[in-house]
Structures are given as structure tokens and as C-alpha cells.
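Notes follow once the structure below has been shown.
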Amino acid sequence: MNTHLVIYISNTEPKKQLITTITTGKLFPELASLKGAIFSDITINTFIEKEIQHQQYDVKTSTKNSLQNSSEGERKRALLNHILTGKIPDYLILDNPFDCLDIDTQSKINQLITDISFKTRIIQIATRKRDFLPFINTIYTIENDSLTPYTKNEQESSNYFVKALPKPYKIEYDGFKTLISLRNLNLSYNETPILNNVSWDIKPNEFWQLIGPNGSGKSTILSLISGDNPKGFMQNMTLFDMKKGSGESVWDIKKHIGFYSSEMLRGFKRKDSIESMIVSGFLDSIGLYKYPTEVQLKIAREWIALLNMTALKDKSFHYLSNGHKRLVLIARAMVKHPPLLILDEPTNGLDDQDAKIFSELINKIAKESSTSIIYVSHRKEDYITPDFIYQLIPSSTGSKGEILKN
């Protein structure tokens, strides 16, 4: 019988170092002579580097795309298939295997892992307790670079954000009765139906979650709402009182929207300070190219105080953990109190503590501002509390939309 185990860590732990201590036998000496495999974003990124640098395509996706041009979900499915093709490894290291996957795909991967667990030792590295594999009862944490048995220690919400949400210095956008009106959308790509007769209204001060499996059209709807999808000109849509195709520019639409995606973290390479990052939200730029007004600085510093980062305001944005970077980017998106805030898979890659803190900020924005929120996620976050849920249900004729009770 294989001894399976979970190592439960926070994102402050050096994950690459942990994986190395496992594969070299330092943590588990019995593994040193065995053949192992690593199911991790670290592995995926290594294969992507080979694609870019050497045009070497070792891992095949179901759509025949390169890993670089595939979604996170496609990449994970492709890597697991690659690992399980040929000789099954003696042990398998699983690093957060369920991020970016819809419920159905999570269930299938869970079953695959369960099946191979009869022959292969499973070592799961998890940052979320909800992801613990059900057949594993041995759970450790890391303390002083050593494994320590995990003891359940549930804590109530910490009320991390004590101060009130900063107010806008002026209401730039007001008077909308309906922010987004989608009417009977029908959309296809290369003759493949994506949306089928989808209608959806979003009014001011509403908090929505948009759900649906991979490929159901969530990203398509977001691209239509943000004005990025040229197919929107052929649809019956009204965005911020502008009928689509009435002469509006993409900027006319985007100025009403604050946007955050976990993918955005890859795009911020500059070494701007935390304060500069937040102030740049007034200018819709990455970095500061002109000096902000005193009022803009005052509001940015109020956001920094809300985030409990006043002592860090002059530090580089890259100094922060991924969880705290997300808080800064949300503040950057919210400094002008846009009518609509879009959050695309915002908790991907967060550990339990950071997910709880992030959720508290989103709930606070929903409660203390008039900004409407569209929160897109494959999975329900226990601490995020939307008022309404819009579900996309795939079919051979394209996804239909349905409003669910929360």
C-alpha cells in the first residue's frame, strides 16, 4: 500500500526548493532511487520555454495547440496525459492540480489520480484545504524547514480591512439605469456555436458571479462587454447607454470598466512603487508619466492605508507577495470608482489566507461602493458572496444563459 500524503503550505514557502528536496530524496530518502513525475505549473513553464527557445513541442494538447497558446486548463490536462502516457511513475508530485479547472474537469482528474494511486505514491502540495485529495489522510505542514503533522486550526474572519472604503473625488460616471444589456446573443467561431440566444442585464450596484465550464463562453462574454470583440458589432448590445455600433470607440466603453485578471500579474514588469501603481489607475496607464494631482495622491494614500501598506508605499510593487500584489491591482482598478469592476478568476494561485483577505476586500467594495461587480470563476469561494449568479450551460448549439438563486 502506497503512503500518500499532503504537504499544506502557504505561498510564502519556496515551492521550487520544496519540490527539489522531494525529488532528490532529502525529504523522503526512499524516493531517491525511484522514478518520479511532477505535475506543476513549474513543469508547464519549463515545457513552454522549450517551445519558445527550441521549437520543441513535447506535450500535446487535445486541440493540437502549443502549450504557449493554450488555456491554463488545457495545459494541465495535457501535462497529466503526458505523464500518464507510457510507464506509470513510481511517485507523482501534484502541485495545486485543480486551479483553472471547471468542476467537471476537476472531477475527471480527481478520478484519474485516484485510479493511479493504487500503483503510484501521491505527494500533493496544496495551498488550499478544499483541494486535499479525499483518499489522503496524512497531512503535513512546513515548520522550520521540517515536516510537521497538520493540526486543524480554523479561525474566524480577521476583519483585515478596518478603514472605510475611500470615496471618489468626483463621480465621473453616473445616471446609468442599466450598465450592460445583452439581448439574444448568437455567436460562433469557425462555424462552432459559442453562445445561443444569451440575454443578460447588469444594473448599478449589483454583484454577479459568472459561472460555466471551460469553453462555455465566459471569456467571450467578457470580451463583448469590454468592447474588445469585433463580433460585438453584429449583436444586440447596449453598453453604458451606448448602442453597440453607434459610433462608440473601445475607449468609450473601457473608461467605465475596472478590470482584474490573475494573468495580469505576468504583465507588470516595471519596478514602480506601490503608490505609483495605485495612482496610475487615475491615468489608465502602467506606471506614471505625469505628476498626479494632490487630490489623486490623497485618495491613493487612503487606499494604501485601507490595504495596511502605508509603511510600504515607496517599496517596489514586485516586493509584495502575489496575494498583496492583487490587492494593489484591485485598488488601482477602483480609485475612480468605475461603474463596473470585472474580476476574471481572481483567486487562482492564492493560498487560503490570501484568498480570505482578497474576498474580504471584494465584499467590502460591493457593500460600500456603487460599483457593480462581475466575478468570473470556475469554483465557488466560501468567502465571496455575490448577490446573483449567471450560469452558461453548454450544448451542441452553443451555451444558453440562466440566472440562478444564490
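Chain identifiers are assigned as A, B, and so on, following the order in which chains appear in the C-alpha cells; residues are numbered from 1 within each chain, and ligands are numbered from 1 in order of appearance.
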
Legend entry - Test item: residues at most 8 Å from Ser372 (chain A), only C-alpha atoms, excluding those fewer than 6 positions along its chain, as a list in words: Ile202, Lys203, Pro204, Asn205, Glu206, Phe207, Trp208, Pro339, Leu340, Leu341 and Ala366 of chain A

Inset, instruction - Would you return as a PyMOL selection string the members of region 306-345 of chain A that DSSP assigns to helix (DSSP H, G or I) on this structure's backbone? - result: chain A and resi 306+310-312+317-319+322-334

Inset, instruction - For Gly398 (chain A), work out the shell of residues within 9 Å, counting only C-alpha atoms and skipping chain neighbours fewer than 6 positions away, then give it as number ranges by chain. - result: A: 186-188, 192-197, 216-217

Inset, instruction - Would you mind reading off the distance between CA of Ser316 (chain A) and CA of Gly281 (chain A), one decimal, in Å? - result: 16.4 Å

Inset, instruction - Find the residues around region 250-254 of chain A up to 12 Å (only C-alpha atoms counted), leave out those fewer than 5 positions away in its own chain, and share them as a VMD selection string. - result: chain A and resid 173 179 to 180 222 to 230 232 to 233 238 to 245 259 284 333 338 to 342

Quick one: write out the picked residues with N, CA and C atoms as an mmCIF file, in the first residue's frame?
data_model
loop_
_atom_site.group_PDB
_atom_site.id
_atom_site.type_symbol
_atom_site.label_atom_id
_atom_site.label_comp_id
_atom_site.auth_asym_id
_atom_site.auth_seq_id
_atom_site.Cartn_x
_atom_site.Cartn_y
_atom_site.Cartn_z
ATOM 1 N N TYR A 173 -18.951 59.030 -13.602
ATOM 2 C CA TYR A 173 -19.917 58.294 -14.406
ATOM 3 C C TYR A 173 -21.150 58.040 -13.546
ATOM 4 N N LEU A 179 -26.278 49.101 -16.804
ATOM 5 C CA LEU A 179 -24.901 49.213 -17.291
ATOM 6 C C LEU A 179 -24.683 48.383 -18.551
ATOM 7 N N ILE A 180 -25.140 47.142 -18.495
ATOM 8 C CA ILE A 180 -24.929 46.194 -19.586
ATOM 9 C C ILE A 180 -26.265 45.570 -19.956
ATOM 10 N N LEU A 222 -17.056 38.318 -21.661
ATOM 11 C CA LEU A 222 -16.239 39.407 -21.130
ATOM 12 C C LEU A 222 -15.667 40.267 -22.251
ATOM 13 N N SER A 223 -15.224 39.636 -23.337
ATOM 14 C CA SER A 223 -14.656 40.405 -24.451
ATOM 15 C C SER A 223 -15.712 41.233 -25.157
ATOM 16 N N LEU A 224 -16.958 40.786 -25.164
ATOM 17 C CA LEU A 224 -18.053 41.572 -25.742
ATOM 18 C C LEU A 224 -18.359 42.779 -24.855
ATOM 19 N N ILE A 225 -18.402 42.555 -23.539
ATOM 20 C CA ILE A 225 -18.716 43.640 -22.607
ATOM 21 C C ILE A 225 -17.626 44.705 -22.615
ATOM 22 N N SER A 226 -16.361 44.282 -22.735
ATOM 23 C CA SER A 226 -15.240 45.231 -22.688
ATOM 24 C C SER A 226 -14.991 45.922 -24.024
ATOM 25 N N GLY A 227 -15.720 45.513 -25.067
ATOM 26 C CA GLY A 227 -15.564 46.146 -26.372
ATOM 27 C C GLY A 227 -14.427 45.592 -27.201
ATOM 28 N N ASP A 228 -13.755 44.542 -26.719
ATOM 29 C CA ASP A 228 -12.594 44.006 -27.426
ATOM 30 C C ASP A 228 -12.962 43.054 -28.560
ATOM 31 N N ASN A 229 -14.175 42.537 -28.553
ATOM 32 C CA ASN A 229 -14.555 41.519 -29.534
ATOM 33 C C ASN A 229 -15.243 42.167 -30.729
ATOM 34 N N PRO A 230 -14.639 42.093 -31.924
ATOM 35 C CA PRO A 230 -15.254 42.734 -33.100
ATOM 36 C C PRO A 230 -16.601 42.149 -33.478
ATOM 37 N N GLY A 232 -18.970 41.873 -31.624
ATOM 38 C CA GLY A 232 -19.995 42.603 -30.900
ATOM 39 C C GLY A 232 -20.796 43.545 -31.772
ATOM 40 N N PHE A 233 -20.205 43.996 -32.891
ATOM 41 C CA PHE A 233 -20.914 44.922 -33.769
ATOM 42 C C PHE A 233 -22.108 44.252 -34.457
ATOM 43 N N THR A 238 -26.242 46.907 -25.568
ATOM 44 C CA THR A 238 -26.126 48.301 -25.132
ATOM 45 C C THR A 238 -25.193 48.323 -23.925
ATOM 46 N N LEU A 239 -24.092 49.080 -24.038
ATOM 47 C CA LEU A 239 -23.071 49.142 -23.004
ATOM 48 C C LEU A 239 -22.969 50.569 -22.498
ATOM 49 N N PHE A 240 -23.326 50.792 -21.246
ATOM 50 C CA PHE A 240 -23.247 52.114 -20.623
ATOM 51 C C PHE A 240 -23.995 53.159 -21.477
ATOM 52 N N ASP A 241 -25.234 52.812 -21.804
ATOM 53 C CA ASP A 241 -26.141 53.663 -22.588
ATOM 54 C C ASP A 241 -25.673 53.888 -24.025
ATOM 55 N N MET A 242 -24.702 53.131 -24.497
ATOM 56 C CA MET A 242 -24.246 53.232 -25.886
ATOM 57 C C MET A 242 -24.638 51.976 -26.644
ATOM 58 N N LYS A 243 -25.461 52.140 -27.658
ATOM 59 C CA LYS A 243 -25.834 51.012 -28.509
ATOM 60 C C LYS A 243 -24.619 50.569 -29.303
ATOM 61 N N LYS A 244 -24.300 49.279 -29.236
ATOM 62 C CA LYS A 244 -23.112 48.787 -29.931
ATOM 63 C C LYS A 244 -23.236 49.058 -31.429
ATOM 64 N N GLY A 245 -22.179 49.673 -31.988
ATOM 65 C CA GLY A 245 -22.185 50.001 -33.404
ATOM 66 C C GLY A 245 -22.721 51.372 -33.708
ATOM 67 N N PHE A 259 -10.748 46.445 -14.368
ATOM 68 C CA PHE A 259 -10.571 45.040 -14.745
ATOM 69 C C PHE A 259 -9.422 44.434 -13.964
ATOM 70 N N ASP A 284 -5.045 55.514 -16.173
ATOM 71 C CA ASP A 284 -5.207 54.339 -17.038
ATOM 72 C C ASP A 284 -3.919 53.993 -17.754
ATOM 73 N N ALA A 333 -7.611 49.519 -9.865
ATOM 74 C CA ALA A 333 -8.810 49.469 -10.709
ATOM 75 C C ALA A 333 -9.961 50.268 -10.127
ATOM 76 N N PRO A 338 -15.161 52.981 -10.878
ATOM 77 C CA PRO A 338 -15.825 52.765 -12.161
ATOM 78 C C PRO A 338 -17.202 52.147 -11.960
ATOM 79 N N PRO A 339 -18.111 52.335 -12.917
ATOM 80 C CA PRO A 339 -19.430 51.718 -12.782
ATOM 81 C C PRO A 339 -19.373 50.199 -12.697
ATOM 82 N N LEU A 340 -18.352 49.598 -13.369
ATOM 83 C CA LEU A 340 -18.282 48.135 -13.431
ATOM 84 C C LEU A 340 -16.861 47.671 -13.135
ATOM 85 N N LEU A 341 -16.736 46.655 -12.269
ATOM 86 C CA LEU A 341 -15.467 46.001 -11.971
ATOM 87 C C LEU A 341 -15.582 44.549 -12.411
ATOM 88 N N ILE A 342 -14.666 44.111 -13.304
ATOM 89 C CA ILE A 342 -14.652 42.730 -13.776
ATOM 90 C C ILE A 342 -13.477 42.007 -13.134
#

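Near Ile211 (chain A), within 8 Å and counting only C-alpha atoms, sit A:Lys218, A:Val376, A:Ser377, A:His378, A:Arg379, A:Ile389, A:Tyr390, A:Gln391, A:Leu392; same-chain residues fewer than 6 positions away were not included.
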
Legend entry - Near-Ile93 (chain A) list (12 Å; only C-alpha atoms; drop same-chain fewer than 3 positions) as an MDAnalysis selection string: chainID A and resid 4:7 15:16 18:23 31 35:43 80 83 89:90 96:97 113 117 120:126

Inset, instruction - Excluding Ser273 (chain A) and residues on its chain fewer than 4 positions from it, collect all residues at most 8 Å away from it, counting only C-alpha atoms, and give them as number ranges by chain. - result: A: 277, 313-317

Legend entry - DSSP-assigned strand (DSSP E) members of region 61-274 of chain A, reported as a VMD selection string: chain A and resid 91 to 95 121 to 126 139 to 143 146 to 149 180 to 189 192 to 202 207 to 211 236 to 239 242 to 243 257 to 261

Legend entry - Selected residue of minimal separation from Gln353 (chain A) among A:Gly247, A:Pro14, A:Pro168, A:Gly323, counting only C-alpha atoms: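 The closest residue to Gln353 (chain A) is A:Gly323.
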
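Counting from CA of Arg183 (chain A), the distance to CA of Val198 (chain A) is 6.6 Å.
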
Inset, instruction - Can you work out which one of A:Thr138, A:Asn348, A:Asn65, A:Ser262 has the shortest atom-to-atom distance to Lys325 (chain A), counting only C-alpha atoms? - result: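 Ranked by minimum distance to Lys325 (chain A), first place goes to A:Ser262.
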